[in-house]
$ cat coords.cif   # mmCIF, C-alpha atoms and all ligand atoms
data_entry
loop_
_atom_site.label_atom_id
_atom_site.label_comp_id
_atom_site.auth_asym_id
_atom_site.auth_seq_id
_atom_site.Cartn_x
_atom_site.Cartn_y
_atom_site.Cartn_z
CA MET P 1 -0.06 -47.35 -69.23
CA ASN P 2 -2.20 -44.19 -69.10
CA PRO P 3 -5.71 -44.45 -67.66
CA LYS P 4 -8.60 -44.89 -70.06
CA THR P 5 -9.82 -41.46 -71.20
CA ARG P 6 -13.42 -40.56 -70.43
CA LEU P 7 -14.82 -37.53 -72.23
CA LEU P 8 -17.15 -36.04 -69.63
CA THR P 9 -17.68 -32.59 -71.15
CA PRO P 10 -20.97 -30.98 -72.25
CA GLY P 11 -19.99 -31.48 -75.86
CA PRO P 12 -18.30 -33.06 -77.66
CA THR P 13 -19.45 -36.32 -76.10
CA PRO P 14 -18.30 -39.96 -76.51
CA LEU P 15 -19.41 -41.96 -79.56
CA PRO P 16 -21.10 -45.36 -79.27
CA GLU P 17 -19.43 -48.14 -81.27
CA LYS P 18 -22.46 -48.47 -83.56
CA VAL P 19 -22.12 -44.79 -84.47
CA ARG P 20 -18.35 -45.02 -85.01
CA LEU P 21 -18.80 -47.99 -87.32
CA ALA P 22 -21.49 -46.16 -89.27
CA LEU P 23 -19.17 -43.16 -89.63
CA ALA P 24 -16.44 -45.42 -91.01
CA GLN P 25 -18.44 -46.44 -94.09
CA ASP P 26 -17.11 -45.58 -97.54
CA MET P 27 -18.46 -42.51 -99.33
CA ILE P 28 -21.61 -42.52 -101.44
CA HIS P 29 -22.94 -39.79 -103.70
CA HIS P 30 -25.36 -37.31 -102.15
CA ARG P 31 -27.64 -37.07 -105.22
CA LYS P 32 -28.17 -40.82 -105.73
CA ALA P 33 -30.97 -43.09 -104.55
CA ALA P 34 -28.92 -44.86 -101.83
CA PHE P 35 -28.29 -41.59 -100.01
CA GLN P 36 -31.93 -40.60 -100.32
CA GLY P 37 -32.87 -43.81 -98.53
CA HIS P 38 -30.63 -42.88 -95.59
CA MET P 39 -32.02 -39.34 -95.53
CA GLN P 40 -35.58 -40.58 -95.51
CA ARG P 41 -34.99 -42.90 -92.55
CA VAL P 42 -33.15 -40.16 -90.71
CA GLN P 43 -36.01 -37.72 -91.36
CA THR P 44 -38.59 -40.08 -89.85
CA GLY P 45 -36.48 -40.55 -86.73
CA LEU P 46 -35.70 -36.84 -86.37
CA LYS P 47 -39.36 -35.89 -86.40
CA GLU P 48 -39.85 -38.24 -83.47
CA LEU P 49 -36.83 -36.83 -81.62
CA PHE P 50 -37.98 -33.21 -82.16
CA TRP P 51 -41.64 -34.16 -81.48
CA THR P 52 -42.72 -32.40 -84.66
CA SER P 53 -44.50 -33.06 -87.93
CA GLU P 54 -42.38 -30.43 -89.72
CA PRO P 55 -39.18 -31.35 -91.59
CA VAL P 56 -35.95 -31.31 -89.58
CA LEU P 57 -33.22 -29.86 -91.79
CA PRO P 58 -29.59 -30.98 -91.54
CA LEU P 59 -27.09 -28.13 -91.97
CA THR P 60 -23.35 -28.54 -92.49
CA CYS P 61 -21.96 -26.39 -89.67
CA SER P 62 -21.51 -26.43 -85.92
CA GLY P 63 -24.43 -25.47 -83.69
CA SER P 64 -23.74 -21.75 -83.92
CA GLY P 65 -24.27 -21.93 -87.69
CA ALA P 66 -27.85 -23.06 -87.08
CA MET P 67 -28.30 -20.16 -84.64
CA GLU P 68 -27.13 -17.78 -87.36
CA ALA P 69 -29.42 -19.49 -89.90
CA ALA P 70 -32.39 -18.98 -87.59
CA VAL P 71 -31.66 -15.28 -87.17
CA THR P 72 -30.97 -14.52 -90.83
CA ASN P 73 -33.97 -16.44 -92.18
CA LEU P 74 -36.59 -15.47 -89.60
CA PHE P 75 -35.75 -11.82 -89.03
CA GLN P 76 -34.83 -8.69 -90.90
CA PRO P 77 -32.69 -5.70 -89.96
CA GLY P 78 -34.67 -3.46 -87.63
CA ASP P 79 -36.80 -6.29 -86.20
CA ARG P 80 -37.13 -6.11 -82.43
CA VAL P 81 -36.28 -9.24 -80.46
CA LEU P 82 -36.11 -10.18 -76.78
CA VAL P 83 -33.01 -12.20 -75.92
CA VAL P 84 -32.68 -14.14 -72.68
CA GLU P 85 -29.15 -13.44 -71.53
CA GLY P 86 -28.04 -15.53 -68.57
CA GLY P 87 -24.81 -17.03 -69.82
CA LYS P 88 -22.32 -17.39 -72.68
CA PHE P 89 -24.81 -18.81 -75.15
CA GLY P 90 -27.49 -16.23 -74.42
CA GLN P 91 -24.82 -13.65 -75.24
CA ARG P 92 -24.19 -15.45 -78.51
CA TRP P 93 -27.85 -14.98 -79.53
CA ARG P 94 -27.44 -11.30 -78.84
CA GLN P 95 -24.18 -11.03 -80.80
CA ILE P 96 -25.65 -12.75 -83.85
CA CYS P 97 -28.78 -10.57 -83.77
CA GLU P 98 -26.75 -7.39 -83.44
CA ARG P 99 -24.43 -8.41 -86.27
CA TYR P 100 -27.48 -8.60 -88.56
CA GLY P 101 -28.94 -5.28 -87.51
CA LEU P 102 -31.76 -6.49 -85.28
CA GLU P 103 -32.82 -4.34 -82.38
CA VAL P 104 -32.02 -6.44 -79.33
CA GLU P 105 -33.80 -6.03 -76.00
CA PRO P 106 -31.84 -8.16 -73.55
CA LEU P 107 -33.67 -9.88 -70.72
CA GLN P 108 -30.87 -10.09 -68.18
CA VAL P 109 -30.93 -13.18 -66.01
CA GLU P 110 -28.38 -13.80 -63.27
CA TRP P 111 -25.88 -16.49 -64.33
CA GLY P 112 -27.08 -19.71 -62.70
CA CYS P 113 -30.77 -18.74 -62.74
CA GLY P 114 -33.61 -19.50 -65.15
CA ALA P 115 -35.64 -16.94 -67.13
CA ASP P 116 -38.81 -15.80 -65.38
CA PRO P 117 -41.88 -16.25 -67.62
CA ALA P 118 -43.72 -13.52 -65.68
CA ALA P 119 -40.89 -11.07 -66.47
CA VAL P 120 -41.20 -12.02 -70.16
CA ALA P 121 -44.96 -11.47 -70.09
CA LYS P 122 -44.39 -8.06 -68.50
CA ARG P 123 -41.83 -7.03 -71.12
CA LEU P 124 -44.19 -8.14 -73.89
CA SER P 125 -47.03 -5.94 -72.68
CA ALA P 126 -44.81 -3.02 -71.61
CA ASP P 127 -42.35 -2.77 -74.55
CA GLY P 128 -43.85 -5.01 -77.26
CA PRO P 129 -44.40 -5.98 -79.95
CA PHE P 130 -41.37 -8.20 -80.44
CA GLN P 131 -40.79 -10.29 -83.56
CA GLY P 132 -39.01 -12.98 -81.57
CA LEU P 133 -37.94 -14.33 -78.20
CA LEU P 134 -34.58 -16.06 -78.41
CA VAL P 135 -33.52 -18.37 -75.61
CA GLN P 136 -31.49 -21.48 -74.80
CA ALA P 137 -33.39 -24.57 -73.63
CA SER P 138 -30.28 -25.46 -71.67
CA GLU P 139 -27.71 -22.72 -70.97
CA THR P 140 -24.62 -24.91 -71.12
CA SER P 141 -22.22 -22.31 -69.69
CA THR P 142 -23.95 -22.43 -66.30
CA GLY P 143 -26.09 -25.58 -66.38
CA VAL P 144 -29.49 -23.91 -66.27
CA LEU P 145 -32.67 -25.28 -67.86
CA HIS P 146 -34.84 -22.35 -68.94
CA PRO P 147 -38.61 -23.02 -68.56
CA ILE P 148 -39.39 -23.34 -72.27
CA ARG P 149 -42.93 -24.57 -71.77
CA ASP P 150 -43.82 -21.65 -69.49
CA LEU P 151 -42.14 -19.16 -71.81
CA ALA P 152 -44.24 -20.57 -74.67
CA GLN P 153 -47.31 -20.14 -72.50
CA ALA P 154 -46.37 -16.50 -71.88
CA LEU P 155 -46.08 -15.89 -75.63
CA GLN P 156 -49.54 -17.24 -76.45
CA GLY P 157 -51.65 -14.70 -78.30
CA HIS P 158 -48.55 -12.78 -79.44
CA GLU P 159 -46.93 -12.76 -82.87
CA THR P 160 -43.55 -13.25 -81.14
CA LEU P 161 -41.70 -16.30 -82.49
CA LEU P 162 -40.19 -18.60 -79.85
CA VAL P 163 -36.70 -19.46 -81.08
CA VAL P 164 -34.99 -22.12 -78.98
CA ASP P 165 -31.31 -23.07 -79.01
CA GLY P 166 -31.66 -26.70 -77.99
CA ILE P 167 -28.04 -27.56 -78.72
CA SER P 168 -27.45 -29.17 -75.33
CA ALA P 169 -31.09 -30.17 -74.80
CA VAL P 170 -32.30 -32.15 -77.83
CA GLY P 171 -31.77 -35.81 -76.98
CA VAL P 172 -31.00 -34.89 -73.36
CA SER P 173 -34.22 -33.47 -71.88
CA PRO P 174 -37.71 -33.38 -73.44
CA CYS P 175 -38.48 -30.32 -75.55
CA PRO P 176 -41.65 -31.25 -77.48
CA MET P 177 -41.62 -28.75 -80.31
CA ASP P 178 -45.19 -28.95 -81.60
CA ALA P 179 -46.96 -29.48 -78.27
CA TRP P 180 -45.22 -26.50 -76.69
CA GLY P 181 -45.53 -24.22 -79.69
CA ILE P 182 -41.81 -23.78 -80.29
CA ASP P 183 -41.33 -21.92 -83.58
CA CYS P 184 -37.70 -22.81 -84.14
CA LEU P 185 -35.82 -25.65 -82.46
CA LEU P 186 -32.21 -26.33 -83.35
CA THR P 187 -29.37 -28.50 -82.17
CA GLY P 188 -25.81 -29.56 -82.96
CA SER P 189 -24.42 -33.02 -83.57
CA GLN P 190 -21.81 -33.23 -80.80
CA LYS P 191 -23.93 -33.06 -77.64
CA GLY P 192 -26.96 -35.24 -77.02
CA LEU P 193 -26.78 -36.88 -80.43
CA MET P 194 -23.52 -38.77 -79.84
CA LEU P 195 -21.95 -37.67 -83.14
CA PRO P 196 -18.78 -35.77 -84.01
CA PRO P 197 -19.05 -31.95 -84.26
CA GLY P 198 -19.87 -30.54 -87.70
CA MET P 199 -23.59 -30.90 -88.34
CA ALA P 200 -26.58 -28.98 -87.02
CA LEU P 201 -30.32 -29.68 -87.24
CA LEU P 202 -33.11 -27.13 -87.39
CA SER P 203 -36.88 -27.27 -87.58
CA LEU P 204 -39.48 -24.51 -87.95
CA SER P 205 -43.18 -24.25 -87.16
CA GLN P 206 -45.63 -23.34 -89.93
CA ARG P 207 -45.91 -19.75 -88.80
CA ALA P 208 -42.12 -19.49 -88.69
CA TRP P 209 -42.03 -20.77 -92.28
CA ARG P 210 -44.38 -17.97 -93.28
CA ARG P 211 -41.84 -15.48 -91.89
CA VAL P 212 -39.08 -17.17 -93.88
CA GLU P 213 -41.19 -17.06 -97.04
CA ALA P 214 -41.73 -13.33 -96.56
CA ASN P 215 -38.02 -12.57 -96.10
CA PRO P 216 -37.04 -10.30 -99.02
CA ARG P 217 -33.30 -10.99 -98.70
CA PRO P 218 -32.72 -14.67 -97.79
CA PRO P 219 -29.11 -15.71 -97.12
CA PHE P 220 -27.26 -17.74 -99.75
CA TYR P 221 -25.65 -20.66 -97.87
CA PHE P 222 -28.12 -21.00 -94.99
CA ASN P 223 -31.11 -20.73 -97.29
CA LEU P 224 -33.80 -22.56 -95.36
CA LEU P 225 -36.43 -22.35 -98.09
CA GLY P 226 -33.97 -24.00 -100.46
CA GLU P 227 -33.15 -26.61 -97.83
CA ARG P 228 -36.85 -27.38 -97.27
CA GLN P 229 -37.40 -27.81 -100.98
CA ARG P 230 -34.45 -30.21 -101.27
CA ASN P 231 -35.47 -32.00 -98.07
CA ALA P 232 -38.78 -32.95 -99.67
CA GLY P 233 -36.71 -35.03 -102.11
CA ASN P 234 -34.48 -36.39 -99.31
CA GLN P 235 -31.51 -34.27 -100.22
CA THR P 236 -29.80 -31.14 -98.97
CA LEU P 237 -29.23 -27.87 -100.81
CA TYR P 238 -25.46 -28.33 -101.22
CA THR P 239 -23.24 -31.40 -100.75
CA SER P 240 -24.64 -33.30 -97.77
CA PRO P 241 -22.72 -34.17 -94.59
CA VAL P 242 -22.89 -37.80 -95.76
CA SER P 243 -20.91 -39.43 -92.92
CA HIS P 244 -22.83 -37.49 -90.30
CA ILE P 245 -26.08 -38.73 -91.84
CA PHE P 246 -24.79 -42.33 -91.59
CA GLY P 247 -23.89 -41.70 -87.96
CA LEU P 248 -27.19 -39.99 -87.23
CA GLU P 249 -29.11 -42.93 -88.64
CA ALA P 250 -27.24 -45.24 -86.26
CA CYS P 251 -27.80 -42.87 -83.34
CA LEU P 252 -31.54 -42.66 -84.03
CA GLU P 253 -31.75 -46.46 -84.26
CA LEU P 254 -30.04 -46.75 -80.87
CA VAL P 255 -32.27 -44.16 -79.25
CA LEU P 256 -35.60 -45.12 -80.78
CA GLU P 257 -35.08 -48.86 -80.33
CA SER P 258 -35.47 -48.48 -76.57
CA GLY P 259 -37.72 -45.42 -76.89
CA LEU P 260 -37.52 -41.77 -75.92
CA GLU P 261 -38.87 -42.39 -72.42
CA SER P 262 -35.93 -44.67 -71.72
CA LEU P 263 -33.48 -42.07 -73.06
CA TYR P 264 -34.87 -39.28 -70.87
CA ARG P 265 -35.16 -41.58 -67.85
CA SER P 266 -31.48 -42.36 -68.08
CA GLN P 267 -30.44 -38.71 -68.61
CA TRP P 268 -32.59 -37.65 -65.66
CA ALA P 269 -31.21 -40.36 -63.35
CA LEU P 270 -27.60 -39.54 -64.30
CA THR P 271 -28.24 -35.86 -63.59
CA HIS P 272 -29.52 -36.70 -60.14
CA MET P 273 -26.65 -39.08 -59.56
CA ALA P 274 -24.17 -36.29 -60.28
CA ARG P 275 -26.00 -33.73 -58.15
CA ALA P 276 -26.47 -36.00 -55.14
CA GLY P 277 -22.88 -37.22 -55.34
CA ILE P 278 -21.40 -33.74 -55.49
CA GLU P 279 -23.38 -32.46 -52.53
CA ALA P 280 -22.78 -35.52 -50.37
CA MET P 281 -19.02 -35.37 -50.93
CA GLY P 282 -19.03 -31.79 -49.63
CA LEU P 283 -18.89 -29.69 -52.81
CA SER P 284 -21.64 -27.26 -53.76
CA LEU P 285 -23.83 -26.98 -56.82
CA LEU P 286 -23.89 -23.78 -58.88
CA VAL P 287 -27.56 -24.19 -59.84
CA ARG P 288 -30.16 -24.85 -57.16
CA ASP P 289 -33.60 -25.14 -58.70
CA CYS P 290 -33.64 -24.67 -62.45
CA TYR P 291 -30.85 -27.18 -63.09
CA THR P 292 -30.44 -28.65 -66.52
CA TRP P 293 -30.03 -32.30 -67.46
CA GLY P 294 -26.86 -33.62 -69.04
CA LEU P 295 -24.35 -31.46 -67.20
CA THR P 296 -23.70 -30.40 -63.64
CA SER P 297 -21.83 -27.25 -62.62
CA VAL P 298 -19.85 -27.55 -59.41
CA ARG P 299 -18.79 -24.53 -57.38
CA LEU P 300 -15.24 -25.04 -56.07
CA PRO P 301 -14.06 -24.06 -52.58
CA GLU P 302 -12.47 -20.56 -52.59
CA ASP P 303 -8.87 -21.77 -52.32
CA ILE P 304 -9.09 -24.43 -55.03
CA ASP P 305 -8.12 -23.51 -58.58
CA GLY P 306 -10.40 -24.96 -61.25
CA GLN P 307 -7.61 -25.30 -63.79
CA GLU P 308 -5.61 -27.48 -61.38
CA VAL P 309 -8.64 -29.66 -60.71
CA LEU P 310 -9.14 -30.19 -64.46
CA SER P 311 -5.45 -31.04 -65.01
CA LEU P 312 -5.32 -33.51 -62.15
CA ALA P 313 -8.61 -35.18 -63.08
CA ALA P 314 -7.35 -35.69 -66.64
CA SER P 315 -3.75 -36.73 -65.93
CA GLU P 316 -4.37 -38.97 -62.92
CA TYR P 317 -7.81 -40.36 -63.61
CA GLY P 318 -8.37 -39.92 -67.35
CA ALA P 319 -11.51 -37.84 -66.74
CA VAL P 320 -11.82 -34.92 -69.17
CA LEU P 321 -14.07 -32.32 -67.51
CA ALA P 322 -14.89 -28.73 -68.51
CA GLY P 323 -14.24 -25.47 -66.67
CA GLY P 324 -16.16 -22.22 -66.38
CA GLN P 325 -16.19 -19.16 -68.64
CA ASP P 326 -15.83 -15.43 -67.96
CA HIS P 327 -16.30 -14.63 -64.26
CA LEU P 328 -16.81 -18.34 -63.54
CA LYS P 329 -13.44 -19.28 -65.05
CA GLY P 330 -11.42 -21.24 -62.48
CA ARG P 331 -14.37 -21.09 -60.09
CA ILE P 332 -16.49 -23.93 -61.38
CA VAL P 333 -16.06 -27.35 -62.96
CA ARG P 334 -18.68 -28.64 -65.36
CA LEU P 335 -19.22 -32.38 -65.36
CA GLY P 336 -20.85 -33.47 -68.63
CA HIS P 337 -23.05 -36.55 -68.58
CA MET P 338 -25.06 -36.21 -71.80
CA GLY P 339 -25.06 -38.57 -74.76
CA TYR P 340 -23.40 -41.95 -74.55
CA VAL P 341 -22.59 -41.81 -70.84
CA ASP P 342 -23.73 -44.28 -68.18
CA TRP P 343 -23.62 -44.64 -64.38
CA GLY P 344 -20.10 -46.06 -64.53
CA ASP P 345 -18.85 -42.95 -66.34
CA VAL P 346 -20.56 -40.63 -63.86
CA LEU P 347 -19.09 -42.68 -61.00
CA ALA P 348 -15.66 -42.22 -62.58
CA GLY P 349 -16.29 -38.49 -63.06
CA LEU P 350 -17.40 -38.02 -59.45
CA SER P 351 -14.40 -39.99 -58.20
CA ALA P 352 -11.93 -38.04 -60.33
CA LEU P 353 -13.46 -34.71 -59.33
CA GLY P 354 -13.65 -35.55 -55.62
CA ARG P 355 -10.15 -37.06 -55.41
CA SER P 356 -8.59 -34.18 -57.36
CA CYS P 357 -10.18 -31.60 -55.05
CA GLN P 358 -9.08 -33.65 -52.04
CA ARG P 359 -5.49 -33.79 -53.25
CA LEU P 360 -5.55 -30.02 -53.69
CA GLY P 361 -6.57 -29.59 -50.06
CA ALA P 362 -10.39 -29.59 -50.01
CA THR P 363 -12.33 -31.51 -47.39
CA ILE P 364 -14.12 -34.22 -49.34
CA ASP P 365 -16.09 -37.27 -48.20
CA LEU P 366 -15.66 -39.34 -51.32
CA GLN P 367 -17.31 -42.45 -49.94
CA ALA P 368 -20.45 -40.56 -48.95
CA GLY P 369 -20.52 -38.89 -52.38
CA LEU P 370 -20.31 -42.09 -54.37
CA ALA P 371 -22.86 -43.88 -52.20
CA ALA P 372 -25.32 -40.98 -52.41
CA GLY P 373 -24.82 -40.75 -56.17
CA LEU P 374 -25.61 -44.39 -56.75
CA ALA P 375 -28.62 -44.29 -54.43
CA ALA P 376 -30.03 -41.25 -56.24
CA TYR P 377 -29.45 -42.91 -59.61
CA GLU P 378 -31.37 -46.03 -58.64
CA HIS P 379 -34.18 -44.07 -57.03
CA GLU P 380 -34.71 -41.71 -59.98
CA LEU P 381 -34.50 -44.54 -62.53
CA SER P 382 -37.37 -46.31 -60.83
CA THR P 383 -39.61 -43.28 -60.24
CA PHE P 384 -39.20 -41.26 -63.47
CA THR P 385 -42.22 -40.67 -65.69
CA LEU P 386 -42.01 -38.78 -68.96
CA GLU P 387 -45.45 -37.14 -68.58
CA ASN P 388 -44.20 -35.06 -65.65
CA HIS P 389 -41.80 -33.32 -68.04
CA THR P 390 -43.94 -32.98 -71.15
CA GLN P 391 -47.15 -31.35 -69.90
CA PRO P 392 -48.91 -29.67 -72.84
CA LEU P 393 -49.74 -25.95 -72.77
CA ALA P 394 -52.95 -24.88 -71.10
CA PRO P 395 -55.53 -23.83 -73.75
C1 LIG D 401 -22.38 -26.00 -77.56
C2 LIG D 401 -23.42 -24.97 -77.59
C3 LIG D 401 -23.44 -23.98 -78.57
C4 LIG D 401 -22.34 -23.80 -79.57
O1 LIG D 401 -22.34 -24.76 -80.49
P1 LIG D 401 -21.11 -24.91 -81.51
O2 LIG D 401 -21.36 -26.27 -82.03
O3 LIG D 401 -19.85 -24.80 -80.69
O4 LIG D 401 -21.22 -23.85 -82.51
C5 LIG D 401 -24.50 -23.08 -78.58
N1 LIG D 401 -25.47 -23.15 -77.68
C6 LIG D 401 -25.49 -24.08 -76.70
C7 LIG D 401 -26.61 -24.10 -75.72
C8 LIG D 401 -24.46 -25.01 -76.64
O5 LIG D 401 -24.48 -25.94 -75.66
#

$ encode --input "coords.cif" --output "structure tokens"
Amino acid sequence: MNPKTRLLTPGPTPLPEKVRLALAQDMIHHRKAAFQGHMQRVQTGLKELFWTSEPVLPLTCSGSGAMEAAVTNLFQPGDRVLVVEGGKFGQRWRQICERYGLEVEPLQVEWGCGADPAAVAKRLSADGPFQGLLVQASETSTGVLHPIRDLAQALQGHETLLVVDGISAVGVSPCPMDAWGIDCLLTGSQKGLMLPPGMALLSLSQRAWRRVEANPRPPFYFNLLGERQRNAGNQTLYTSPVSHIFGLEACLELVLESGLESLYRSQWALTHMARAGIEAMGLSLLVRDCYTWGLTSVRLPEDIDGQEVLSLAASEYGAVLAGGQDHLKGRIVRLGHMGYVDWGDVLAGLSALGRSCQRLGATIDLQAGLAAGLAAYEHELSTFTLENHTQPLAP
């Protein structure tokens, strides 16, 4: 018999049974009262998850669709935007903006490092004004958490909209939209939300809505004004992603039942479990300081091929891990631990990674790695406080 498969990638992520059962329900019509009831409950939960009082709009697309919707609704050709570019997904912001004729000023950040708020402040005063700053909360290609709160602080007093791709952050690490003054926060269904790929969620601040209202040429499919209008009646502009809404309702029930603090505590502790385990077994971490939650990038020894590690981990131990992209291809392994993942899964991931590297010739102290991982997990679980990660902006 083959080993049990564990999906330990930074999206898609495993589905809890409650979500899978919700997804299995028969179809209902998206313009009838029953569906509106589901939408209303989902809307209440989403506002809590996004920490906002604005509507959170479901869109039928993968996460990149919501990124495109943000760009096409908020900006116009010729608008000048700053784009934080420190990985694959930062590049995607730039590509979308360029496709729609925006003037992109890239803020280059070394892959594996976080954006520097002081550098942003400098660019704003030297080359501004900018209509927007586009950034990832979590740059999934490297495993970096950009300092969203400090970037928001740097933008205070400017007309620059803060547009945040939170695709691998919402439901993984706190990103309080209203308290931090985020103008656009978006995510996809297949990462922290424990749903299949295919739906995105997007919310805008009031001043971002004013930009959308002033847009003379709004897009047809990703028409956010139309979506907001429909959302007020608990519907979507076109046929709704009905099964995803069922699944999302179940996910929000799971998460909000035990509370957001408990969710973030667990994601934080698992992140530290992975990091401590990897270092103690003798592998090195790609990201030192500004590490994200929910995934850990591991730098492989020079003579070990990442593709072979991934194959061995999957075939021998059932652990499905992710590799690197571009110049990091074959050089790093990304261990995903976001969504419906617990300490047992991370233990399995660490074991599979460590043993696979060992079998390919690396010097690994597996026992030390697993012990250190578990110790870090227990320590961080008992010392975590949410307030340390959700400090409001200084006035
Ligand atoms: C996964 C991911 C995306 C891409 O989302 P798709 O659903 O593949 O379109 C974009 N940004 C970040 C930060 C991601 O993690």

$ closest_residue --input "coords.cif" --among "P:Asp303, P:Asp365, P:Glu68, P:Glu17" --to "ligand LIG 401 (chain D)" --atoms "all atoms listed in the file"
P:Glu68

$ closest_atom_pairs --input "coords.cif" --of "chain P" --to "ligand LIG 401 (chain D)" --cutoff "7 Å" --atoms "all atoms listed in the file" --output "CSV"
residue,atom,partner,partner_atom,distance
P:Gly11,CA,D:LIG401,C1,6.2
P:Ser62,CA,D:LIG401,O2,3.9
P:Gly63,CA,D:LIG401,O2,3.6
P:Ser64,CA,D:LIG401,O4,3.6
P:Gly65,CA,D:LIG401,O4,6.3
P:Phe89,CA,D:LIG401,N1,5.1
P:Gln136,CA,D:LIG401,C7,5.6
P:Ser138,CA,D:LIG401,C7,5.6
P:Glu139,CA,D:LIG401,C7,5.1
P:Thr140,CA,D:LIG401,O5,4.7
P:Asp165,CA,D:LIG401,C7,5.8
P:Gly166,CA,D:LIG401,C7,6.1
P:Ile167,CA,D:LIG401,C6,4.8
P:Ser168,CA,D:LIG401,O5,4.4
P:Gly188,CA,D:LIG401,O2,5.6
P:Pro197,CA,D:LIG401,O2,6.5

$ closest_residue --input "coords.cif" --among "P:Leu134, P:Cys113, P:Ala118, P:Ala200" --to "P:Val83" --atoms "all atoms listed in the file"
P:Leu134

$ closest_residue --input "coords.cif" --among "P:Ala319, P:Met338, P:Ser266, P:Thr187" --to "P:Ser382" --atoms "all atoms listed in the file"
P:Ser266

$ residues_around --input "coords.cif" --residues "P:Ala314" --least-positions-apart "6" --cutoff "12 Å" --atoms "all atoms listed in the file" --output "PyMOL selection string"
chain P and resi 2-9+307-308+320-322+348-349+351-353+355-356

$ closest_residue --input "coords.cif" --among "P:Gly318, P:Gly171, P:Gly324, P:Gly369" --to "P:Glu48" --atoms "only C-alpha atoms"
P:Gly171

$ atom_distance --input "coords.cif" --atom1 "atom CA of P:Ile364" --atom2 "atom CA of P:Ala280"
8.8 Å

$ atom_distance --input "coords.cif" --atom1 "atom CA of P:Arg331" --atom2 "atom CA of P:Thr292"
18.9 Å

$ residues_around --input "coords.cif" --residues "P:Ile332" --least-positions-apart "6" --cutoff "8 Å" --atoms "only C-alpha atoms" --output "list in words"
Leu286, Ser297, Val298, Arg299, Leu300, Gly306, Gly323 and Gly324 of chain P
